[in-house]
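One file, input09.pdb, carrying PDB, C-alpha atoms:
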ATOM      1  CA  MET I   1     -18.567  -8.895  42.621
ATOM      2  CA  THR I   2     -17.635 -10.914  39.560
ATOM      3  CA  LEU I   3     -14.107  -9.466  39.512
ATOM      4  CA  ARG I   4     -13.650 -10.277  43.202
ATOM      5  CA  THR I   5     -14.916 -13.836  42.632
ATOM      6  CA  SER I   6     -12.561 -14.231  39.681
ATOM      7  CA  ARG I   7      -9.581 -13.110  41.772
ATOM      8  CA  SER I   8     -10.550 -15.477  44.580
ATOM      9  CA  ALA I   9     -10.854 -18.376  42.147
ATOM     10  CA  ARG I  10      -7.481 -17.580  40.610
ATOM     11  CA  THR I  11      -5.869 -17.330  44.038
ATOM     12  CA  GLY I  12      -7.374 -20.689  44.958
ATOM     13  CA  GLN I  13      -5.979 -22.202  41.775
ATOM     14  CA  TYR I  14      -2.500 -20.886  42.497
ATOM     15  CA  LEU I  15      -2.634 -22.202  46.059
ATOM     16  CA  ALA I  16      -3.788 -25.602  44.834
ATOM     17  CA  LEU I  17      -0.975 -25.654  42.264
ATOM     18  CA  LEU I  18       1.564 -24.668  44.929
ATOM     19  CA  ALA I  19       0.317 -27.417  47.242
ATOM     20  CA  TYR I  20       0.591 -29.930  44.399
ATOM     21  CA  LEU I  21       4.154 -28.843  43.617
ATOM     22  CA  VAL I  22       5.111 -29.167  47.279
ATOM     23  CA  PHE I  23       3.529 -32.630  47.313
ATOM     24  CA  LEU I  24       5.591 -33.662  44.281
ATOM     25  CA  ALA I  25       8.826 -32.083  45.501
ATOM     26  CA  PHE I  26       8.728 -33.455  49.053
ATOM     27  CA  PRO I  27       9.982 -37.015  48.274
ATOM     28  CA  PHE I  28      12.788 -35.731  46.065
ATOM     29  CA  LEU I  29      13.941 -33.118  48.585
ATOM     30  CA  TRP I  30      13.856 -35.680  51.374
ATOM     31  CA  LEU I  31      15.847 -38.081  49.170
ATOM     32  CA  ILE I  32      18.543 -35.448  48.654
ATOM     33  CA  SER I  33      18.648 -34.701  52.379
ATOM     34  CA  THR I  34      18.976 -38.400  53.225
ATOM     35  CA  ALA I  35      21.734 -38.922  50.671
ATOM     36  CA  PHE I  36      23.992 -36.409  52.432
ATOM     37  CA  LYS I  37      23.291 -37.452  56.042
ATOM     38  CA  PRO I  38      25.802 -39.475  58.075
ATOM     39  CA  PRO I  39      24.609 -42.699  59.764
ATOM     40  CA  ARG I  40      24.148 -40.955  63.136
ATOM     41  CA  GLU I  41      21.637 -38.485  61.674
ATOM     42  CA  LEU I  42      19.865 -41.205  59.684
ATOM     43  CA  GLY I  43      19.105 -43.034  62.913
ATOM     44  CA  SER I  44      18.038 -39.926  64.808
ATOM     45  CA  LEU I  45      14.606 -39.849  66.426
ATOM     46  CA  HIS I  46      14.283 -36.211  65.408
ATOM     47  CA  PRO I  47      15.136 -36.018  61.692
ATOM     48  CA  THR I  48      15.933 -32.672  60.135
ATOM     49  CA  TRP I  49      15.487 -31.330  56.622
ATOM     50  CA  ILE I  50      19.035 -30.032  56.293
ATOM     51  CA  PRO I  51      21.907 -32.363  57.310
ATOM     52  CA  GLU I  52      23.817 -30.985  60.271
ATOM     53  CA  ASN I  53      27.047 -32.639  59.130
ATOM     54  CA  PRO I  54      26.690 -33.301  55.388
ATOM     55  CA  THR I  55      28.919 -36.021  54.001
ATOM     56  CA  LEU I  56      29.733 -37.734  50.699
ATOM     57  CA  ASP I  57      30.414 -41.079  52.369
ATOM     58  CA  ASN I  58      27.056 -42.455  51.223
ATOM     59  CA  PHE I  59      27.988 -41.849  47.589
ATOM     60  CA  ARG I  60      31.412 -43.435  48.000
ATOM     61  CA  GLN I  61      29.887 -46.424  49.769
ATOM     62  CA  ALA I  62      27.222 -46.807  47.084
ATOM     63  CA  PHE I  63      29.846 -46.983  44.313
ATOM     64  CA  ASP I  64      31.991 -49.353  46.371
ATOM     65  CA  GLU I  65      29.128 -51.764  47.084
ATOM     66  CA  GLN I  66      27.411 -51.904  43.689
ATOM     67  CA  PRO I  67      28.434 -51.467  40.004
ATOM     68  CA  LEU I  68      26.400 -48.289  39.562
ATOM     69  CA  LEU I  69      28.300 -46.954  36.547
ATOM     70  CA  GLU I  70      27.941 -50.215  34.648
ATOM     71  CA  ALA I  71      24.256 -50.428  35.533
ATOM     72  CA  ALA I  72      23.719 -46.798  34.512
ATOM     73  CA  LEU I  73      25.367 -47.488  31.147
ATOM     74  CA  ASN I  74      23.049 -50.469  30.630
ATOM     75  CA  SER I  75      20.014 -48.344  31.485
ATOM     76  CA  LEU I  76      21.183 -45.534  29.218
ATOM     77  CA  THR I  77      21.771 -47.923  26.319
ATOM     78  CA  ALA I  78      18.360 -49.557  26.733
ATOM     79  CA  ALA I  79      16.474 -46.280  27.240
ATOM     80  CA  LEU I  80      18.078 -44.373  24.353
ATOM     81  CA  SER I  81      17.770 -47.285  21.956
ATOM     82  CA  ALA I  82      14.133 -47.895  22.866
ATOM     83  CA  ALA I  83      13.254 -44.206  22.528
ATOM     84  CA  LEU I  84      14.913 -43.820  19.128
ATOM     85  CA  ILE I  85      13.474 -47.025  17.683
ATOM     86  CA  ALA I  86       9.983 -46.301  19.008
ATOM     87  CA  VAL I  87       9.993 -42.804  17.490
ATOM     88  CA  VAL I  88      11.324 -44.026  14.131
ATOM     89  CA  ILE I  89       8.596 -46.666  13.935
ATOM     90  CA  ALA I  90       5.755 -44.590  15.369
ATOM     91  CA  THR I  91       6.239 -41.426  13.287
ATOM     92  CA  PRO I  92       5.323 -42.795   9.827
ATOM     93  CA  MET I  93       2.600 -44.981  11.342
ATOM     94  CA  ALA I  94       1.079 -41.977  13.094
ATOM     95  CA  TYR I  95       1.152 -39.956   9.873
ATOM     96  CA  VAL I  96      -0.713 -42.644   7.974
ATOM     97  CA  MET I  97      -3.297 -43.132  10.726
ATOM     98  CA  ALA I  98      -3.892 -39.385  11.055
ATOM     99  CA  ARG I  99      -4.063 -38.538   7.347
ATOM    100  CA  HIS I 100      -5.963 -41.613   6.143
ATOM    101  CA  ARG I 101      -8.868 -42.034   8.518
ATOM    102  CA  ASN I 102     -10.989 -45.154   8.120
ATOM    103  CA  ARG I 103     -12.410 -47.955  10.200
ATOM    104  CA  PHE I 104      -9.042 -49.636  10.450
ATOM    105  CA  SER I 105      -7.288 -46.538  11.794
ATOM    106  CA  ALA I 106     -10.107 -45.930  14.294
ATOM    107  CA  ALA I 107      -9.913 -49.541  15.491
ATOM    108  CA  ALA I 108      -6.109 -49.324  15.705
ATOM    109  CA  THR I 109      -6.323 -46.148  17.789
ATOM    110  CA  GLY I 110      -8.812 -47.788  20.137
ATOM    111  CA  TRP I 111      -6.577 -50.827  20.504
ATOM    112  CA  VAL I 112      -3.607 -48.577  21.286
ATOM    113  CA  VAL I 113      -5.502 -47.019  24.193
ATOM    114  CA  VAL I 114      -6.845 -50.352  25.478
ATOM    115  CA  SER I 115      -3.417 -52.007  25.346
ATOM    116  CA  GLN I 116      -2.090 -49.553  27.921
ATOM    117  CA  ALA I 117      -4.474 -51.033  30.490
ATOM    118  CA  PHE I 118      -2.804 -54.459  30.360
ATOM    119  CA  PRO I 119      -0.777 -55.123  33.537
ATOM    120  CA  PHE I 120       2.840 -56.237  33.189
ATOM    121  CA  VAL I 121       2.259 -59.536  34.960
ATOM    122  CA  LEU I 122      -0.358 -60.513  32.367
ATOM    123  CA  VAL I 123       2.166 -60.591  29.522
ATOM    124  CA  ILE I 124       5.399 -61.552  31.233
ATOM    125  CA  ILE I 125       5.048 -65.344  30.845
ATOM    126  CA  PRO I 126       4.294 -65.420  27.086
ATOM    127  CA  LEU I 127       6.845 -62.659  26.596
ATOM    128  CA  PHE I 128       9.485 -64.671  28.442
ATOM    129  CA  LEU I 129       8.757 -67.755  26.313
ATOM    130  CA  ILE I 130       8.983 -65.768  23.067
ATOM    131  CA  LEU I 131      12.311 -64.214  24.029
ATOM    132  CA  LYS I 132      13.592 -67.591  25.177
ATOM    133  CA  ASN I 133      12.852 -69.087  21.748
ATOM    134  CA  LEU I 134      14.644 -66.143  20.163
ATOM    135  CA  HIS I 135      17.623 -66.616  22.527
ATOM    136  CA  LEU I 136      17.201 -63.057  23.815
ATOM    137  CA  ILE I 137      16.845 -63.804  27.530
ATOM    138  CA  ASN I 138      19.489 -62.089  29.655
ATOM    139  CA  SER I 139      20.438 -59.643  26.889
ATOM    140  CA  LEU I 140      20.015 -55.919  26.447
ATOM    141  CA  ALA I 141      18.778 -56.523  22.896
ATOM    142  CA  GLY I 142      15.823 -58.507  24.228
ATOM    143  CA  LEU I 143      15.093 -55.883  26.865
ATOM    144  CA  ILE I 144      15.225 -53.094  24.266
ATOM    145  CA  MET I 145      12.777 -55.025  22.102
ATOM    146  CA  VAL I 146      10.376 -55.300  25.044
ATOM    147  CA  TYR I 147      10.685 -51.584  25.830
ATOM    148  CA  VAL I 148      10.003 -50.642  22.210
ATOM    149  CA  VAL I 149       6.896 -52.835  22.024
ATOM    150  CA  TRP I 150       5.619 -51.570  25.364
ATOM    151  CA  SER I 151       6.147 -47.863  24.673
ATOM    152  CA  LEU I 152       5.130 -47.956  21.000
ATOM    153  CA  PRO I 153       1.315 -47.838  21.512
ATOM    154  CA  PHE I 154       1.370 -44.703  23.646
ATOM    155  CA  ALA I 155       4.044 -43.125  21.449
ATOM    156  CA  LEU I 156       1.845 -43.769  18.428
ATOM    157  CA  TRP I 157      -1.184 -42.309  20.190
ATOM    158  CA  MET I 158       0.756 -39.163  21.101
ATOM    159  CA  LEU I 159       2.116 -38.623  17.599
ATOM    160  CA  VAL I 160      -1.275 -39.124  15.958
ATOM    161  CA  GLY I 161      -2.532 -36.128  17.925
ATOM    162  CA  TYR I 162       0.445 -34.014  16.831
ATOM    163  CA  VAL I 163       0.009 -34.988  13.170
ATOM    164  CA  ARG I 164      -3.680 -34.066  13.269
ATOM    165  CA  ALA I 165      -2.721 -30.670  14.719
ATOM    166  CA  VAL I 166      -0.645 -29.895  11.620
ATOM    167  CA  PRO I 167      -2.908 -28.040   9.131
ATOM    168  CA  HIS I 168      -3.517 -30.175   6.070
ATOM    169  CA  GLU I 169      -3.677 -26.989   3.996
ATOM    170  CA  LEU I 170       0.083 -26.525   4.389
ATOM    171  CA  GLU I 171       0.739 -29.837   2.666
ATOM    172  CA  GLU I 172      -1.772 -29.014  -0.061
ATOM    173  CA  ALA I 173      -0.094 -25.636  -0.642
ATOM    174  CA  ALA I 174       3.294 -27.348  -0.942
ATOM    175  CA  ALA I 175       1.839 -29.813  -3.443
ATOM    176  CA  VAL I 176       0.410 -26.939  -5.504
ATOM    177  CA  ASP I 177       3.887 -25.374  -5.558
ATOM    178  CA  GLY I 178       5.221 -28.573  -7.120
ATOM    179  CA  ALA I 179       6.732 -30.249  -4.055
ATOM    180  CA  SER I 180       6.715 -34.037  -4.055
ATOM    181  CA  ARG I 181       5.166 -36.042  -1.230
ATOM    182  CA  LEU I 182       8.592 -36.783   0.241
ATOM    183  CA  ARG I 183       9.674 -33.163  -0.064
ATOM    184  CA  THR I 184       6.466 -32.034   1.632
ATOM    185  CA  LEU I 185       6.952 -34.440   4.524
ATOM    186  CA  VAL I 186      10.573 -33.436   5.057
ATOM    187  CA  SER I 187      10.284 -29.663   4.575
ATOM    188  CA  VAL I 188       6.771 -28.901   5.835
ATOM    189  CA  THR I 189       5.391 -31.627   8.073
ATOM    190  CA  ALA I 190       8.535 -32.818   9.852
ATOM    191  CA  PRO I 191       9.499 -29.386  11.323
ATOM    192  CA  LEU I 192       5.983 -28.992  12.717
ATOM    193  CA  LEU I 193       6.128 -32.476  14.220
ATOM    194  CA  ALA I 194       9.476 -31.799  15.928
ATOM    195  CA  PRO I 195       7.997 -30.910  19.357
ATOM    196  CA  GLY I 196       5.770 -33.982  19.227
ATOM    197  CA  ILE I 197       8.668 -36.233  18.299
ATOM    198  CA  VAL I 198      10.808 -34.791  21.087
ATOM    199  CA  ALA I 199       8.032 -35.169  23.666
ATOM    200  CA  THR I 200       7.373 -38.742  22.539
ATOM    201  CA  ALA I 201      11.055 -39.630  22.691
ATOM    202  CA  LEU I 202      11.251 -38.142  26.188
ATOM    203  CA  PHE I 203       8.296 -40.245  27.300
ATOM    204  CA  ALA I 204       9.818 -43.423  25.866
ATOM    205  CA  PHE I 205      13.218 -42.647  27.408
ATOM    206  CA  ILE I 206      11.894 -41.981  30.912
ATOM    207  CA  THR I 207       9.613 -45.030  30.765
ATOM    208  CA  ALA I 208      12.512 -47.300  29.830
ATOM    209  CA  TRP I 209      14.951 -45.642  32.252
ATOM    210  CA  ASN I 210      12.663 -46.152  35.253
ATOM    211  CA  GLU I 211      11.293 -49.579  34.275
ATOM    212  CA  PHE I 212      11.957 -52.318  36.814
ATOM    213  CA  PHE I 213       9.736 -55.382  36.360
ATOM    214  CA  PHE I 214      10.800 -56.498  32.876
ATOM    215  CA  ALA I 215      14.464 -55.861  33.657
ATOM    216  CA  LEU I 216      14.210 -57.883  36.867
ATOM    217  CA  VAL I 217      12.678 -60.901  35.105
ATOM    218  CA  LEU I 218      14.660 -60.863  31.859
ATOM    219  CA  LEU I 219      18.159 -59.960  33.062
ATOM    220  CA  LYS I 220      19.940 -62.473  35.268
ATOM    221  CA  THR I 221      23.633 -61.668  34.929
ATOM    222  CA  PRO I 222      24.699 -58.872  37.321
ATOM    223  CA  GLU I 223      26.821 -57.076  34.720
ATOM    224  CA  LYS I 224      23.794 -56.765  32.412
ATOM    225  CA  GLN I 225      21.294 -55.488  34.977
ATOM    226  CA  THR I 226      19.890 -51.987  34.756
ATOM    227  CA  LEU I 227      20.032 -49.306  37.417
ATOM    228  CA  PRO I 228      16.546 -49.825  38.962
ATOM    229  CA  VAL I 229      17.365 -53.518  39.514
ATOM    230  CA  VAL I 230      20.772 -52.765  41.026
ATOM    231  CA  LEU I 231      19.151 -50.363  43.499
ATOM    232  CA  THR I 232      17.342 -53.325  45.086
ATOM    233  CA  HIS I 233      20.728 -54.775  46.044
ATOM    234  CA  PHE I 234      20.978 -52.191  48.799
ATOM    235  CA  LEU I 235      18.271 -54.129  50.642
ATOM    236  CA  GLY I 236      19.595 -56.723  53.057
ATOM    237  CA  ALA I 237      18.524 -60.351  53.281
ATOM    238  CA  GLU I 238      15.900 -59.448  55.880
ATOM    239  CA  GLY I 239      14.589 -56.475  53.915
ATOM    240  CA  VAL I 240      16.546 -53.895  55.921
ATOM    241  CA  ALA I 241      17.652 -51.061  53.661
ATOM    242  CA  ASP I 242      21.129 -49.569  53.721
ATOM    243  CA  LEU I 243      19.411 -46.195  53.743
ATOM    244  CA  GLY I 244      22.300 -43.800  53.170
ATOM    245  CA  PRO I 245      23.884 -45.497  50.131
ATOM    246  CA  LEU I 246      20.431 -46.358  48.781
ATOM    247  CA  ALA I 247      19.352 -42.711  48.907
ATOM    248  CA  ALA I 248      22.614 -41.614  47.296
ATOM    249  CA  ALA I 249      22.267 -44.151  44.469
ATOM    250  CA  ALA I 250      18.583 -43.316  43.970
ATOM    251  CA  PHE I 251      19.412 -39.607  43.788
ATOM    252  CA  LEU I 252      22.011 -40.281  41.092
ATOM    253  CA  ALA I 253      19.506 -42.466  39.228
ATOM    254  CA  THR I 254      17.028 -39.576  38.966
ATOM    255  CA  LEU I 255      19.539 -37.100  37.527
ATOM    256  CA  PRO I 256      19.575 -38.307  33.881
ATOM    257  CA  SER I 257      15.811 -37.876  33.530
ATOM    258  CA  LEU I 258      16.001 -34.390  35.028
ATOM    259  CA  VAL I 259      18.934 -33.415  32.811
ATOM    260  CA  VAL I 260      17.252 -34.700  29.645
ATOM    261  CA  PHE I 261      14.057 -32.836  30.458
ATOM    262  CA  ALA I 262      15.960 -29.626  31.288
ATOM    263  CA  LEU I 263      17.812 -29.780  27.976
ATOM    264  CA  ILE I 264      14.771 -30.261  25.764
ATOM    265  CA  GLN I 265      11.994 -28.458  27.634
ATOM    266  CA  LYS I 266      12.439 -25.367  25.456
ATOM    267  CA  ARG I 267      12.169 -27.564  22.399
ATOM    268  CA  ILE I 268       8.891 -28.997  23.653
ATOM    269  CA  THR I 269       7.290 -25.659  24.546
ATOM    270  CA  GLY I 270       8.672 -23.583  21.699
ATOM    271  CA  GLY I 271       9.087 -26.121  18.957
ATOM    272  CA  MET I 272       5.669 -25.634  17.406
ATOM    273  CA  THR I 273       6.305 -21.931  16.780
ATOM    274  CA  ALA I 274       9.797 -22.617  15.446
ATOM    275  CA  GLY I 275       8.464 -25.288  13.126
ATOM    276  CA  ALA I 276       5.794 -22.976  11.778
ATOM    277  CA  VAL I 277       8.410 -20.355  10.956
ATOM    278  CA  LYS I 278      10.566 -22.937   9.159
ATOM    279  CA  ALA I 279       7.612 -24.130   7.146
TER     280      ALA I 279
END

Could you write out this structure as structure tokens?
Amino acid sequence: MTLRTSRSARTGQYLALLAYLVFLAFPFLWLISTAFKPPRELGSLHPTWIPENPTLDNFRQAFDEQPLLEAALNSLTAALSAALIAVVIATPMAYVMARHRNRFSAAATGWVVVSQAFPFVLVIIPLFLILKNLHLINSLAGLIMVYVVWSLPFALWMLVGYVRAVPHELEEAAAVDGASRLRTLVSVTAPLLAPGIVATALFAFITAWNEFFFALVLLKTPEKQTLPVVLTHFLGAEGVADLGPLAAAAFLATLPSLVVFALIQKRITGGMTAGAVKA
């Protein structure tokens, strides 16, 4: 009876997981289908999953109407820069907070979690004034600074957990063998933190790549706008969307995140074991 109940529960879990995956995949699959449909099929009263006459005209029209490549380069520059800077800053801070626990580190961790609850609109006015005084409005440097500050708390929180998962005994054993603190961090701790650093960088990259509100407010010149902002240009004056080119551009905008995740997923899942072997 117990074995039968266990199998039923496991089957239910798999079905629930499958339903969740279908729920997540549906918008993306429909986006791909829309991107390859000609205008006649887009206006059909009986839409189909698979385009009857697939076309690349939507992609050509999207590139003709908007500077997608320039916007994608701006997004890539902002996202990569923010991810790298956030990881470089958060890694040593996380190590100190994890290895030297006290009231200050506990309060800092609590503040990191609470800060993520602040809505964007609550900070945009003082943030705008600060950047204006620094002459960083309408610049990618100012936007990168905002992305770093906004992603840093969660990046720090993630890395603190990874540092605490690294056995302290490994560092003590290295110290007994005569390794300096710097040598221990580089040769023992850093390889074990590699999957955490990669996962944190991925989070910061995707957050910055998909961010819209800050980019909309801070960037005014069209040639400096990021991809999410440029996608709104496919909406007409009356809010009517140019659906085909919009779907094509949105599909292209999702590819970098998918490619980055596909390239480093093995590093995330297998990095801890690899780091342990290196140590």

_Shell around region 213-221 of chain I at 12 Å using all atoms listed in the file, local window under 3 positions removed, as a VMD selection string_ = chain I and resid 71 74 to 75 78 to 79 119 to 125 127 to 132 135 to 147 150 207 to 210 224 to 233

*Go through I:Leu80, I:Ala86, I:Leu15, I:Ala25 one by one, measure the shortest atom-to-atom distance of each to Ser257 (chain I) using all atoms listed in the file, and give the residue with the smallest value.*
I:Leu80

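The shell of residues at most 6 Å from Pro245 (chain I), with only C-alpha atoms counted and near chain neighbours (fewer than 2 positions) removed, consists of Asn58, Ala62, Leu243, Ala247 and Ala248 of chain I.
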
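When CA of Leu134 (chain I) is paired with CA of Leu202 (chain I), their separation reads 28.8 Å.
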
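The residues that lie within 8 Å of the point (15.9, -29.0, 50.0), counting all atoms listed in the file, are Leu29, Trp30, Ile32, Ser33, Trp49 and Ile50 of chain I.
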
_the PyMOL selection byres ((chain I and resi 156-167) around 9) - which residues does that actually catch in the file I just gave you? List them as number ranges by chain._
I: 86-87, 89-91, 93-99, 109, 112-113, 151-155, 168-171, 189, 192-193, 195-197, 199-200

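You will find CA of Glu172 (chain I) at 25.3 Å from CA of Val198 (chain I).
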
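CA of Thr34 (chain I) to CA of Phe212 (chain I) spans 22.6 Å [interatomic distance, one decimal].
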
Edge lengths and centre in Å to one decimal, as lines of an AutoDock Vina configuration file, of the axis-aligned box that encloses all listed atoms of region 26-44 of chain I with 6 Å added on every side?
center_x = 17.3
center_y = -38.1
center_z = 55.4
size_x = 29.1
size_y = 21.9
size_z = 30.7

Give me, as an mmCIF file with C-alpha atoms, in the coordinates of the input, all polymer residues having an atom no more than 12 Å from Asn53 (chain I), counting all atoms listed in the file and skipping those fewer than 3 positions away in the same chain.
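Okay, around32.cif is ready:
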data_model
loop_
_atom_site.group_PDB
_atom_site.id
_atom_site.type_symbol
_atom_site.label_atom_id
_atom_site.label_comp_id
_atom_site.auth_asym_id
_atom_site.auth_seq_id
_atom_site.Cartn_x
_atom_site.Cartn_y
_atom_site.Cartn_z
ATOM 1 C CA SER I 33 18.648 -34.701 52.379
ATOM 2 C CA THR I 34 18.976 -38.400 53.225
ATOM 3 C CA ALA I 35 21.734 -38.922 50.671
ATOM 4 C CA PHE I 36 23.992 -36.409 52.432
ATOM 5 C CA LYS I 37 23.291 -37.452 56.042
ATOM 6 C CA PRO I 38 25.802 -39.475 58.075
ATOM 7 C CA PRO I 39 24.609 -42.699 59.764
ATOM 8 C CA ARG I 40 24.148 -40.955 63.136
ATOM 9 C CA GLU I 41 21.637 -38.485 61.674
ATOM 10 C CA LEU I 42 19.865 -41.205 59.684
ATOM 11 C CA THR I 48 15.933 -32.672 60.135
ATOM 12 C CA TRP I 49 15.487 -31.330 56.622
ATOM 13 C CA ILE I 50 19.035 -30.032 56.293
ATOM 14 C CA LEU I 56 29.733 -37.734 50.699
ATOM 15 C CA ASP I 57 30.414 -41.079 52.369
#

Starting from the sparse input, extend region 163-184 of chain I to N, CA and C atoms and give the output as a PDB file, in the coordinates of the input.
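Result file follows (rebuild.pdb):
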ATOM      1  N   VAL I 163       0.180 -35.034  14.623  1.00  0.00           N
ATOM      2  CA  VAL I 163       0.009 -34.988  13.170  1.00  0.00           C
ATOM      3  C   VAL I 163      -1.318 -34.324  12.814  1.00  0.00           C
ATOM      4  N   ARG I 164      -2.368 -34.663  13.552  1.00  0.00           N
ATOM      5  CA  ARG I 164      -3.680 -34.066  13.269  1.00  0.00           C
ATOM      6  C   ARG I 164      -3.695 -32.570  13.555  1.00  0.00           C
ATOM      7  N   ALA I 165      -2.788 -32.106  14.422  1.00  0.00           N
ATOM      8  CA  ALA I 165      -2.721 -30.670  14.719  1.00  0.00           C
ATOM      9  C   ALA I 165      -2.030 -29.883  13.620  1.00  0.00           C
ATOM     10  N   VAL I 166      -1.313 -30.577  12.738  1.00  0.00           N
ATOM     11  CA  VAL I 166      -0.645 -29.895  11.620  1.00  0.00           C
ATOM     12  C   VAL I 166      -1.691 -29.613  10.536  1.00  0.00           C
ATOM     13  N   PRO I 167      -1.901 -28.363  10.152  1.00  0.00           N
ATOM     14  CA  PRO I 167      -2.908 -28.040   9.131  1.00  0.00           C
ATOM     15  C   PRO I 167      -2.646 -28.765   7.821  1.00  0.00           C
ATOM     16  N   HIS I 168      -3.649 -29.455   7.340  1.00  0.00           N
ATOM     17  CA  HIS I 168      -3.517 -30.175   6.070  1.00  0.00           C
ATOM     18  C   HIS I 168      -3.327 -29.218   4.905  1.00  0.00           C
ATOM     19  N   GLU I 169      -3.806 -27.971   5.067  1.00  0.00           N
ATOM     20  CA  GLU I 169      -3.677 -26.989   3.996  1.00  0.00           C
ATOM     21  C   GLU I 169      -2.222 -26.677   3.663  1.00  0.00           C
ATOM     22  N   LEU I 170      -1.333 -26.785   4.653  1.00  0.00           N
ATOM     23  CA  LEU I 170       0.083 -26.525   4.389  1.00  0.00           C
ATOM     24  C   LEU I 170       0.649 -27.545   3.407  1.00  0.00           C
ATOM     25  N   GLU I 171       0.273 -28.798   3.576  1.00  0.00           N
ATOM     26  CA  GLU I 171       0.739 -29.837   2.666  1.00  0.00           C
ATOM     27  C   GLU I 171       0.132 -29.646   1.273  1.00  0.00           C
ATOM     28  N   GLU I 172      -1.135 -29.248   1.233  1.00  0.00           N
ATOM     29  CA  GLU I 172      -1.772 -29.014  -0.061  1.00  0.00           C
ATOM     30  C   GLU I 172      -1.117 -27.831  -0.786  1.00  0.00           C
ATOM     31  N   ALA I 173      -0.762 -26.788  -0.030  1.00  0.00           N
ATOM     32  CA  ALA I 173      -0.094 -25.636  -0.642  1.00  0.00           C
ATOM     33  C   ALA I 173       1.271 -26.028  -1.191  1.00  0.00           C
ATOM     34  N   ALA I 174       1.990 -26.884  -0.457  1.00  0.00           N
ATOM     35  CA  ALA I 174       3.294 -27.348  -0.942  1.00  0.00           C
ATOM     36  C   ALA I 174       3.135 -28.183  -2.207  1.00  0.00           C
ATOM     37  N   ALA I 175       2.079 -28.996  -2.246  1.00  0.00           N
ATOM     38  CA  ALA I 175       1.839 -29.813  -3.443  1.00  0.00           C
ATOM     39  C   ALA I 175       1.513 -28.930  -4.641  1.00  0.00           C
ATOM     40  N   VAL I 176       0.738 -27.866  -4.425  1.00  0.00           N
ATOM     41  CA  VAL I 176       0.410 -26.939  -5.504  1.00  0.00           C
ATOM     42  C   VAL I 176       1.675 -26.261  -6.042  1.00  0.00           C
ATOM     43  N   ASP I 177       2.636 -26.001  -5.143  1.00  0.00           N
ATOM     44  CA  ASP I 177       3.887 -25.374  -5.558  1.00  0.00           C
ATOM     45  C   ASP I 177       4.825 -26.342  -6.262  1.00  0.00           C
ATOM     46  N   GLY I 178       4.415 -27.602  -6.381  1.00  0.00           N
ATOM     47  CA  GLY I 178       5.221 -28.573  -7.120  1.00  0.00           C
ATOM     48  C   GLY I 178       6.071 -29.476  -6.258  1.00  0.00           C
ATOM     49  N   ALA I 179       5.937 -29.393  -4.933  1.00  0.00           N
ATOM     50  CA  ALA I 179       6.732 -30.249  -4.055  1.00  0.00           C
ATOM     51  C   ALA I 179       6.201 -31.674  -4.090  1.00  0.00           C
ATOM     52  N   SER I 180       7.110 -32.634  -4.092  1.00  0.00           N
ATOM     53  CA  SER I 180       6.715 -34.037  -4.055  1.00  0.00           C
ATOM     54  C   SER I 180       6.223 -34.398  -2.658  1.00  0.00           C
ATOM     55  N   ARG I 181       5.645 -35.592  -2.538  1.00  0.00           N
ATOM     56  CA  ARG I 181       5.166 -36.042  -1.230  1.00  0.00           C
ATOM     57  C   ARG I 181       6.308 -36.121  -0.232  1.00  0.00           C
ATOM     58  N   LEU I 182       7.446 -36.669  -0.659  1.00  0.00           N
ATOM     59  CA  LEU I 182       8.592 -36.783   0.241  1.00  0.00           C
ATOM     60  C   LEU I 182       9.116 -35.416   0.627  1.00  0.00           C
ATOM     61  N   ARG I 183       9.198 -34.512  -0.340  1.00  0.00           N
ATOM     62  CA  ARG I 183       9.674 -33.163  -0.064  1.00  0.00           C
ATOM     63  C   ARG I 183       8.743 -32.444   0.902  1.00  0.00           C
ATOM     64  N   THR I 184       7.446 -32.656   0.743  1.00  0.00           N
ATOM     65  CA  THR I 184       6.466 -32.034   1.632  1.00  0.00           C
ATOM     66  C   THR I 184       6.615 -32.551   3.056  1.00  0.00           C
TER      67      THR I 184
END
